[in-house]
Amino acid sequence: MADVLSPALQDRPAPDKVPDVHISIRNVEKVYRSQRGSVVALENVSLDVAKGEFVSILGPSGCGKSTLLKCIAGLEPLSGGEIFVGRQRVAEPPKDLGVVFQRDILFDWRTTLDNVLVTVEFLGLKRRDYEARARSLLATYGLAGYENRYPWELSGGQRQRVAICRAMVHDPQFLLMDEPFGALDALTRDELNLELQNRWFADRKTIIFITHGISEAVFLSDRVIVMGRNPGRIIADVKIDLPRPRGVAVRDTAAFTAYTGRLRAIMDDANAGITHAGVLS
Ligand SMILES: Nc1ncnc2c1ncn2[C@@H]1O[C@H](COP(=O)(O)OP(=O)(O)OP(=O)(O)O)[C@@H](O)[C@H]1O
């Protein structure tokens, strides 16, 4: 984990000239303006995510993690810079995208299966073409037999599994996850981390995962990005070089502890407002 300066992203070739870059965030600025003044939520944020890569974003509250995610998802207009998903410059929500939010936002009047198929309806796709996949995804996430239950009949962990199935039902190539397990108890969170990792290992979707959990980020990720605040910006980019697939026992290894220790120190600096001159690799 040597400290090295990364090459300036603006000096790299255009995203459509780099075949394995899936998401390219280039010099992104986001300013929220209101009658009470302006908030610079993101300043000069640049990040490339490769196809099939699992990248987590850590950072103190208010550093712009959710804003960045909404910009990638085409849900917030940029104040500057540009974002590419594949060869497409993001101007509206990309179809090839699944999003999971911290709160599952299931519709109470819809069954589990109908909640999963919401995405298909929203995208104007034919429900019958996706029903078998929806059932199979639910089975993969341990929800076979729950297809006709309503959200209020499910536990928090089960609801979040439904939300993940809903994000994946149209087989998108990339997933954005905003603290999807933040509201769950530690045991359920561990279980879902393991499931997500195994699923990712099989599918190799490109995933950007926001979390406050350092251990969760190290466990799941190929790289962990740390953001600082005022203004929101990237202060570190740490490659997690641990063998895959990872079992829970990896957390007891010295290498894992070294990563969490290093990231905790960077997070402490971020909380204290200390700026890192370079980017870690
Ligand atoms: N719609 C908005 N209008 C004005 N300011 C906003 C808006 N949304 C977010 N902000 C501000 O932008 C900054 C970044 O917010 P954001 O929600 O992206 O941070 P975050 O890192 O996701 O925080 P948390 O970890 O607490 O969820 C904060 O200062 C926040 O107050």
# chains A, B, ... in the order shown; residues from 1 in each chain; ligands from 1
>>> residues_around(residues="Asp96 in chain A", least_positions_apart="5", cutoff="12 Å", atoms="only C-alpha atoms", output="list in words")
His22, Ile23, Ala73, Gly74, Val85, Gly86, Gln88, Val90, Thr119, Val120, Leu123, Ala167, Met168, Val169, His170, Asp171, Pro172, Gln173, Phe174, Leu175, Leu176, Lys205 and Thr206 of chain A
>>> residues_around(residues="Leu196 in chain A", least_positions_apart="5", cutoff="10 Å", atoms="only C-alpha atoms", output="PyMOL selection string")
chain A and resi 141+161+164+190-191+201-202+220
>>> residues_near_ligand(ligand="ligand 1", cutoff="6 Å", atoms="only C-alpha atoms and all ligand atoms", output="PyMOL selection string")
chain A and resi 32+39+41+60-67
>>> residues_around(residues="Leu42 in chain A", least_positions_apart="6", cutoff="6 Å", atoms="only C-alpha atoms", output="PyMOL selection string")
chain A and resi 29-30+232-233
>>> write_last_selection(atoms="C-alpha atoms", output="compact mmCIF listing (two decimals), in the first residue's frame")
# COMPACT_ATOMS: atom_id res chain seq x y z
CA GLU A 29 -18.76 19.55 -9.89
CA LYS A 30 -22.10 19.71 -8.14
CA GLY A 232 -16.87 16.91 -1.29
CA ARG A 233 -13.89 15.37 -3.07
>>> select_by_dssp(residues="range 38-251 of chain A", states="helix (DSSP H, G or I)", output="ChimeraX atom specification")
/A:65-72,112-116,118-122,127-140,151-153,156-168,186-203,214-220,248-251
>>> atom_distance(atom1="CA of Pro231 in chain A", atom2="CA of Leu68 in chain A")
12.6 Å
>>> residues_around(residues="Pro77 in chain A", least_positions_apart="5", cutoff="9 Å", atoms="only C-alpha atoms", output="PyMOL selection string")
chain A and resi 30+70-71+91-92
>>> write_last_selection(atoms="C-alpha atoms", output="PDB file, in the first residue's frame")
ATOM      1  CA  LYS A  30     -22.098  19.714  -8.139  1.00  0.00           C
ATOM      2  CA  LYS A  70     -27.418  10.377  -7.906  1.00  0.00           C
ATOM      3  CA  CYS A  71     -25.262  12.110 -10.533  1.00  0.00           C
ATOM      4  CA  ALA A  91     -27.965  12.814 -19.359  1.00  0.00           C
ATOM      5  CA  GLU A  92     -30.852  10.756 -17.977  1.00  0.00           C
TER       6      GLU A  92
END
>>> closest_residue(among="A:Arg149, A:Arg103, A:Lys51, A:Arg159", to="Glu179 in chain A", atoms="only C-alpha atoms")
A:Arg103
>>> atom_distance(atom1="CA of Arg166 in chain A", atom2="CA of Val226 in chain A")
28.1 Å
>>> closest_residue(among="A:Val118, A:Leu184, A:Ile208, A:Val45", to="Cys165 in chain A", atoms="only C-alpha atoms")
A:Val118
>>> select_by_dssp(residues="range 54-155 of chain A", states="strand (DSSP E or B)", output="PyMOL selection string")
chain A and resi 54-58+80-85+88-89+97-100
>>> write_last_selection(atoms="C-alpha atoms", output="CSV table (one decimal), in the first residue's frame")
chain,number,residue,atom,x,y,z
A,54,PHE,CA,-16.5,-3.7,-7.1
A,55,VAL,CA,-15.8,-0.2,-5.8
A,56,SER,CA,-16.9,1.1,-2.4
A,57,ILE,CA,-17.1,4.8,-1.4
A,58,LEU,CA,-16.5,5.7,2.3
A,80,GLY,CA,-19.6,20.8,-14.3
A,81,GLY,CA,-17.7,17.9,-15.7
A,82,GLU,CA,-19.2,14.8,-17.3
A,83,ILE,CA,-20.0,11.2,-16.5
A,84,PHE,CA,-19.9,8.3,-19.0
A,85,VAL,CA,-21.5,4.9,-18.5
A,88,GLN,CA,-23.0,6.9,-23.2
A,89,ARG,CA,-22.6,10.3,-21.6
A,97,LEU,CA,-28.5,0.4,-14.3
A,98,GLY,CA,-29.9,-1.0,-11.1
A,99,VAL,CA,-30.1,1.2,-7.9
A,100,VAL,CA,-30.6,0.0,-4.3
>>> closest_residue(among="A:Tyr146, A:Phe122, A:Asp108, A:Val31", to="Ser79 in chain A", atoms="only C-alpha atoms")
A:Val31
>>> atom_distance(atom1="CA of Tyr150 in chain A", atom2="CA of Glu131 in chain A")
17.2 Å
>>> residues_around(residues="range 156-158 of chain A", least_positions_apart="3", cutoff="8 Å", atoms="only C-alpha atoms", output="VMD selection string")
chain A and resid 143 161 to 162 184 188 to 189 192
